[in-house]
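Heads up, model12.txt below (compact mmCIF, C-alpha atoms and all ligand atoms):
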```
# COMPACT_ATOMS: atom_id res chain seq x y z
CA MET U 104 -20.64 -80.31 -8.46
CA THR U 105 -23.64 -82.60 -7.94
CA LEU U 106 -25.75 -81.60 -4.96
CA ARG U 107 -26.82 -84.44 -2.71
CA LEU U 108 -29.05 -84.82 0.33
CA GLY U 109 -27.23 -83.61 3.44
CA ASP U 110 -25.05 -81.11 1.51
CA ILE U 111 -25.15 -77.44 2.45
CA ALA U 112 -27.30 -75.58 -0.09
CA PRO U 113 -24.90 -73.24 -1.91
CA ASN U 114 -25.41 -69.56 -1.22
CA PHE U 115 -25.88 -66.99 -4.00
CA GLU U 116 -26.93 -63.43 -4.62
CA GLN U 117 -29.37 -62.84 -7.45
CA GLU U 118 -31.98 -60.29 -8.57
CA SER U 119 -35.61 -61.20 -7.96
CA THR U 120 -39.09 -59.76 -8.33
CA GLU U 121 -38.70 -58.69 -4.67
CA GLY U 122 -35.25 -57.12 -5.03
CA ARG U 123 -31.72 -58.51 -4.76
CA ILE U 124 -31.63 -61.67 -2.65
CA ASP U 125 -28.81 -63.20 -0.64
CA PHE U 126 -30.21 -66.72 -0.42
CA HIS U 127 -28.92 -67.73 3.03
CA ALA U 128 -29.86 -64.34 4.53
CA TYR U 129 -33.30 -64.58 2.88
CA LEU U 130 -33.88 -68.02 4.45
CA GLY U 131 -32.69 -66.91 7.89
CA ASP U 132 -33.93 -69.49 10.42
CA SER U 133 -36.69 -70.75 8.12
CA TRP U 134 -36.99 -73.83 5.98
CA GLY U 135 -36.82 -73.14 2.24
CA VAL U 136 -38.21 -74.43 -1.03
CA LEU U 137 -36.10 -73.42 -4.03
CA PHE U 138 -37.66 -74.47 -7.31
CA SER U 139 -37.11 -73.87 -11.01
CA HIS U 140 -39.64 -73.76 -13.84
CA PRO U 141 -38.67 -73.93 -17.51
CA LYS U 142 -40.02 -70.69 -18.94
CA ASP U 143 -42.31 -67.71 -18.37
CA PHE U 144 -45.48 -67.42 -20.50
CA THR U 145 -45.89 -71.21 -20.76
CA PRO U 146 -49.07 -73.07 -19.79
CA VAL U 147 -47.91 -75.66 -17.24
CA CYS U 148 -45.66 -73.15 -15.45
CA THR U 149 -48.54 -70.66 -15.25
CA THR U 150 -50.71 -73.23 -13.44
CA GLU U 151 -47.82 -74.28 -11.16
CA LEU U 152 -47.08 -70.75 -9.97
CA GLY U 153 -50.77 -70.09 -9.42
CA GLN U 154 -51.09 -73.26 -7.31
CA LEU U 155 -48.03 -72.40 -5.27
CA ALA U 156 -49.31 -68.86 -4.65
CA LYS U 157 -52.60 -70.36 -3.39
CA LEU U 158 -50.70 -72.64 -0.98
CA LYS U 159 -48.42 -69.87 0.35
CA GLY U 160 -50.31 -69.74 3.70
CA GLU U 161 -49.65 -73.48 4.21
CA PHE U 162 -45.91 -72.95 3.65
CA ASP U 163 -45.94 -69.94 6.02
CA GLN U 164 -47.61 -72.05 8.74
CA ARG U 165 -44.70 -74.51 8.49
CA ASN U 166 -42.08 -71.72 8.59
CA VAL U 167 -41.07 -72.35 4.97
CA LYS U 168 -39.98 -69.63 2.54
CA VAL U 169 -40.63 -70.32 -1.13
CA ILE U 170 -38.48 -68.96 -3.96
CA GLY U 171 -38.68 -69.74 -7.66
CA LEU U 172 -36.58 -69.13 -10.75
CA SER U 173 -36.30 -69.47 -14.47
CA VAL U 174 -33.72 -68.21 -16.95
CA ASP U 175 -36.07 -65.37 -17.94
CA GLY U 176 -35.41 -61.75 -17.01
CA LEU U 177 -37.13 -59.53 -14.45
CA SER U 178 -39.22 -57.69 -17.06
CA GLU U 179 -40.66 -61.02 -18.30
CA HIS U 180 -41.31 -62.17 -14.73
CA ARG U 181 -43.17 -58.92 -13.98
CA LEU U 182 -45.29 -59.04 -17.13
CA TRP U 183 -46.06 -62.76 -16.70
CA SER U 184 -47.12 -62.28 -13.03
CA LYS U 185 -50.03 -60.19 -14.32
CA ASP U 186 -51.13 -63.20 -16.43
CA ILE U 187 -50.79 -65.50 -13.40
CA GLU U 188 -53.00 -63.23 -11.31
CA GLU U 189 -55.53 -62.88 -14.13
CA THR U 190 -55.75 -66.57 -15.09
CA GLN U 191 -55.09 -68.34 -11.76
CA GLY U 192 -56.93 -65.93 -9.49
CA THR U 193 -53.96 -65.39 -7.14
CA ALA U 194 -51.13 -62.90 -7.41
CA LEU U 195 -47.52 -64.07 -7.01
CA ASN U 196 -46.71 -63.82 -3.30
CA PHE U 197 -43.12 -65.13 -3.24
CA PRO U 198 -39.97 -63.99 -5.09
CA LEU U 199 -39.03 -65.22 -8.55
CA LEU U 200 -35.30 -65.02 -9.30
CA SER U 201 -34.26 -63.71 -12.66
CA ASP U 202 -31.56 -66.19 -13.67
CA ASN U 203 -30.76 -65.08 -17.21
CA ASP U 204 -27.03 -65.33 -16.39
CA ARG U 205 -27.73 -68.94 -15.23
CA LYS U 206 -25.82 -68.35 -12.01
CA VAL U 207 -28.28 -70.20 -9.76
CA SER U 208 -29.40 -72.79 -12.31
CA SER U 209 -25.75 -73.79 -12.87
CA LEU U 210 -24.99 -73.84 -9.14
CA TYR U 211 -27.99 -76.13 -8.52
CA ASP U 212 -27.62 -78.13 -11.77
CA MET U 213 -31.12 -77.25 -12.99
CA ILE U 214 -30.34 -77.38 -16.73
CA TYR U 215 -30.27 -80.88 -18.23
CA PRO U 216 -28.70 -80.45 -21.71
CA ASN U 217 -30.00 -83.78 -23.03
CA ALA U 218 -33.55 -82.67 -22.18
CA ASN U 219 -33.13 -79.03 -23.25
CA ASP U 220 -29.85 -77.14 -23.39
CA THR U 221 -31.24 -73.71 -22.48
CA LEU U 222 -34.25 -74.17 -20.22
CA THR U 223 -34.32 -75.27 -16.59
CA VAL U 224 -36.15 -78.49 -15.74
CA ARG U 225 -38.69 -78.53 -12.89
CA SER U 226 -36.27 -78.89 -9.95
CA VAL U 227 -37.19 -78.67 -6.27
CA PHE U 228 -34.85 -78.40 -3.30
CA ILE U 229 -36.15 -78.47 0.27
CA ILE U 230 -33.63 -76.88 2.62
CA ASP U 231 -33.72 -77.02 6.42
CA PRO U 232 -32.89 -74.20 8.88
CA ASN U 233 -29.28 -75.48 9.04
CA LYS U 234 -29.15 -74.88 5.24
CA LYS U 235 -28.90 -78.62 4.57
CA VAL U 236 -30.54 -80.02 1.44
CA ARG U 237 -33.26 -82.44 2.63
CA LEU U 238 -35.10 -83.28 -0.60
CA ILE U 239 -34.28 -83.09 -4.31
CA LEU U 240 -36.94 -83.64 -6.98
CA THR U 241 -36.70 -83.32 -10.76
CA TYR U 242 -39.78 -83.28 -12.99
CA PRO U 243 -39.91 -82.99 -16.79
CA ALA U 244 -41.22 -79.85 -18.48
CA SER U 245 -44.45 -81.58 -19.55
CA THR U 246 -45.56 -82.57 -16.02
CA GLY U 247 -46.79 -79.99 -13.52
CA ARG U 248 -45.84 -80.70 -9.92
CA ASN U 249 -48.10 -81.55 -7.01
CA PHE U 250 -47.14 -78.91 -4.43
CA LYS U 251 -49.25 -80.56 -1.72
CA GLU U 252 -46.69 -83.39 -1.88
CA LEU U 253 -44.02 -80.86 -0.86
CA LEU U 254 -46.12 -79.91 2.18
CA ARG U 255 -46.47 -83.61 3.04
CA VAL U 256 -42.68 -84.11 2.86
CA ILE U 257 -42.08 -80.99 4.97
CA ASP U 258 -44.55 -82.31 7.60
CA SER U 259 -42.65 -85.60 7.61
CA LEU U 260 -39.20 -83.96 7.83
CA GLN U 261 -40.26 -81.61 10.63
CA LEU U 262 -41.86 -84.46 12.61
CA THR U 263 -39.00 -86.93 12.14
CA ASP U 264 -36.49 -84.24 13.18
CA ARG U 265 -38.39 -83.92 16.50
CA LYS U 266 -39.18 -87.58 17.29
CA LYS U 267 -37.43 -90.90 16.70
CA VAL U 268 -39.90 -91.94 14.04
CA ALA U 269 -40.16 -92.31 10.27
CA THR U 270 -43.27 -91.97 8.13
CA PRO U 271 -44.71 -94.80 6.00
CA ALA U 272 -45.79 -94.72 2.36
CA ASN U 273 -48.56 -92.20 1.64
CA TRP U 274 -48.39 -90.92 5.22
CA GLU U 275 -50.37 -87.77 5.97
CA LYS U 276 -50.21 -85.62 9.11
CA GLY U 277 -52.06 -87.42 11.94
CA ASP U 278 -51.56 -90.96 10.54
CA ASP U 279 -49.62 -93.61 12.49
CA VAL U 280 -45.83 -93.42 12.18
CA ILE U 281 -43.00 -95.96 12.35
CA ILE U 282 -40.64 -96.33 15.31
CA VAL U 283 -37.14 -96.17 13.78
CA PRO U 284 -35.18 -99.47 13.92
CA SER U 285 -32.34 -97.86 15.95
CA VAL U 286 -34.76 -97.55 18.92
CA ASN U 287 -34.99 -100.95 20.68
CA ASN U 288 -38.13 -102.03 22.51
CA ASP U 289 -36.77 -100.97 25.94
CA ALA U 290 -36.08 -97.45 24.66
CA ALA U 291 -39.40 -97.44 22.77
CA LYS U 292 -41.26 -98.12 26.07
CA GLN U 293 -39.79 -94.89 27.46
CA LEU U 294 -40.58 -92.88 24.33
CA PHE U 295 -44.01 -94.35 23.60
CA PRO U 296 -45.42 -95.51 26.99
CA GLU U 297 -48.89 -96.00 25.52
CA GLY U 298 -47.55 -98.82 23.34
CA TRP U 299 -47.39 -99.60 19.65
CA GLN U 300 -48.53 -102.16 17.11
CA GLU U 301 -45.79 -104.66 16.23
CA VAL U 302 -46.51 -105.91 12.69
CA LYS U 303 -42.98 -107.36 12.49
CA PRO U 304 -40.11 -106.78 14.94
CA TYR U 305 -38.76 -104.24 12.40
CA LEU U 306 -42.17 -102.68 11.61
CA ARG U 307 -43.64 -101.02 14.68
CA LEU U 308 -46.46 -98.55 14.17
CA VAL U 309 -47.32 -95.95 16.77
CA LYS U 310 -49.99 -93.28 17.09
CA LEU U 311 -48.60 -89.90 18.15
CA LYS U 312 -50.79 -87.64 20.26
CA ASN U 313 -49.69 -84.20 19.08
CA SER U 314 -47.95 -84.74 15.79
C1 LIG U 401 -45.06 -75.38 -19.87
O1 LIG U 401 -44.91 -74.82 -18.80
O2 LIG U 401 -46.16 -75.59 -20.33
C2 LIG U 401 -43.84 -75.83 -20.63
C3 LIG U 401 -42.66 -75.17 -20.50
C4 LIG U 401 -41.55 -75.59 -21.25
C5 LIG U 401 -41.66 -76.68 -22.08
C6 LIG U 401 -42.88 -77.36 -22.17
C7 LIG U 401 -43.98 -76.94 -21.44
```
Could you express the structure from this file as structure tokens?
Amino acid sequence: MTLRLGDIAPNFEQESTEGRIDFHAYLGDSWGVLFSHPKDFTPVCTTELGQLAKLKGEFDQRNVKVIGLSVDGLSEHRLWSKDIEETQGTALNFPLLSDNDRKVSSLYDMIYPNANDTLTVRSVFIIDPNKKVRLILTYPASTGRNFKELLRVIDSLQLTDRKKVATPANWEKGDDVIIVPSVNNDAAKQLFPEGWQEVKPYLRLVKLKNS
């Protein structure tokens, strides 16, 4: 089954570096980032997991739990985490699932046989507290991801869930946002009494005080 935005993220139980995990119970009321990397003891993956470990505090601040996986086993994960700590200067601080039975990678369609028939690609799923899938990304093995982009998307999702706005290209927290087209000008006056900039009737930019 292909997972799409808005679908409920399938639940699973799997072993991890932090013990057996029931995914939905692990997420609880938090947001979640579930991501795959192709293989332990590989260069790009080593830098990715180090970067993510460094950003863990930023994910915590946004109430987001991070969980990774590859088709390697727990013993490989444990040995490799020592390399990550040594080379990236930060120890792993989130669970890595051991998916050598491919249970989770099959459920989330993380193996692309025409790219590689055994390894997972670099998939990312952002999941909201209602367990709905809110973002799906797929990167090739040769390109390490920019995890700050995930934080930017989470900031956008959390803001646009609270207010009737959308965020423009390259938006960063604190920048002007867009009043969604379903809000007419009369309703917008109630929601944004300090006014907005009308570039076009369908493109209205507004500054939010406490976004
Ligand atoms: C890497 O992480 O460097 C990598 C992993 C699998 C294939 C190619 C590169």
Ligand LIG 401 (chain U): which residues are within 6 Å, counting all atoms listed in the file, as a list in words?
->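 Checked against 6 Å with all atoms listed in the file; the hits are Pro141, Lys142, Thr145, Pro146, Val147, Cys148, Ala244 and Ser245 of chain U.
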Counting only C-alpha atoms, what is within 12 Å of Leu152 (chain U), bar same-chain residues fewer than 3 positions away, as a ChimeraX atom specification?
-> /U:138-149,155-159,169-173,180,183-188,190-199,225,247-250
Coordinates-based distance that separates CA of Arg255 (chain U) from CA of Ala269 (chain U) (Å, one decimal) =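 These two atoms are separated by 13.0 Å.
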How many Å separate CA of Asn217 (chain U) from CA of Arg205 (chain U)?
->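 Computed distance, CA of Asn217 (chain U) to CA of Arg205 (chain U), equals 16.9 Å.
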Could you tell me how far CA of Val268 (chain U) lies from CA of Leu253 (chain U), in Å and to one decimal?
->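 Between CA of Val268 (chain U) and CA of Leu253 (chain U) the gap is 19.0 Å.
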Could you give me, as a VMD selection string, the residues that sit within 8 Å of (-50.7, -96.2, 20.5) in the file's coordinates, counting all atoms listed in the file?
-> chain U and resid 295 297 to 300 308 to 311
Contact residues around Leu222 (chain U) with only C-alpha atoms at 7 Å, ignoring same-chain residues under 2 positions, as a VMD selection string = chain U and resid 141 to 142 174 214 219 to 220 224
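In this comparison, which uses all atoms listed in the file, the residue of U:Pro216, U:Pro271, U:Pro113, U:Gly160 approaching Phe126 (chain U) most closely is U:Pro113.
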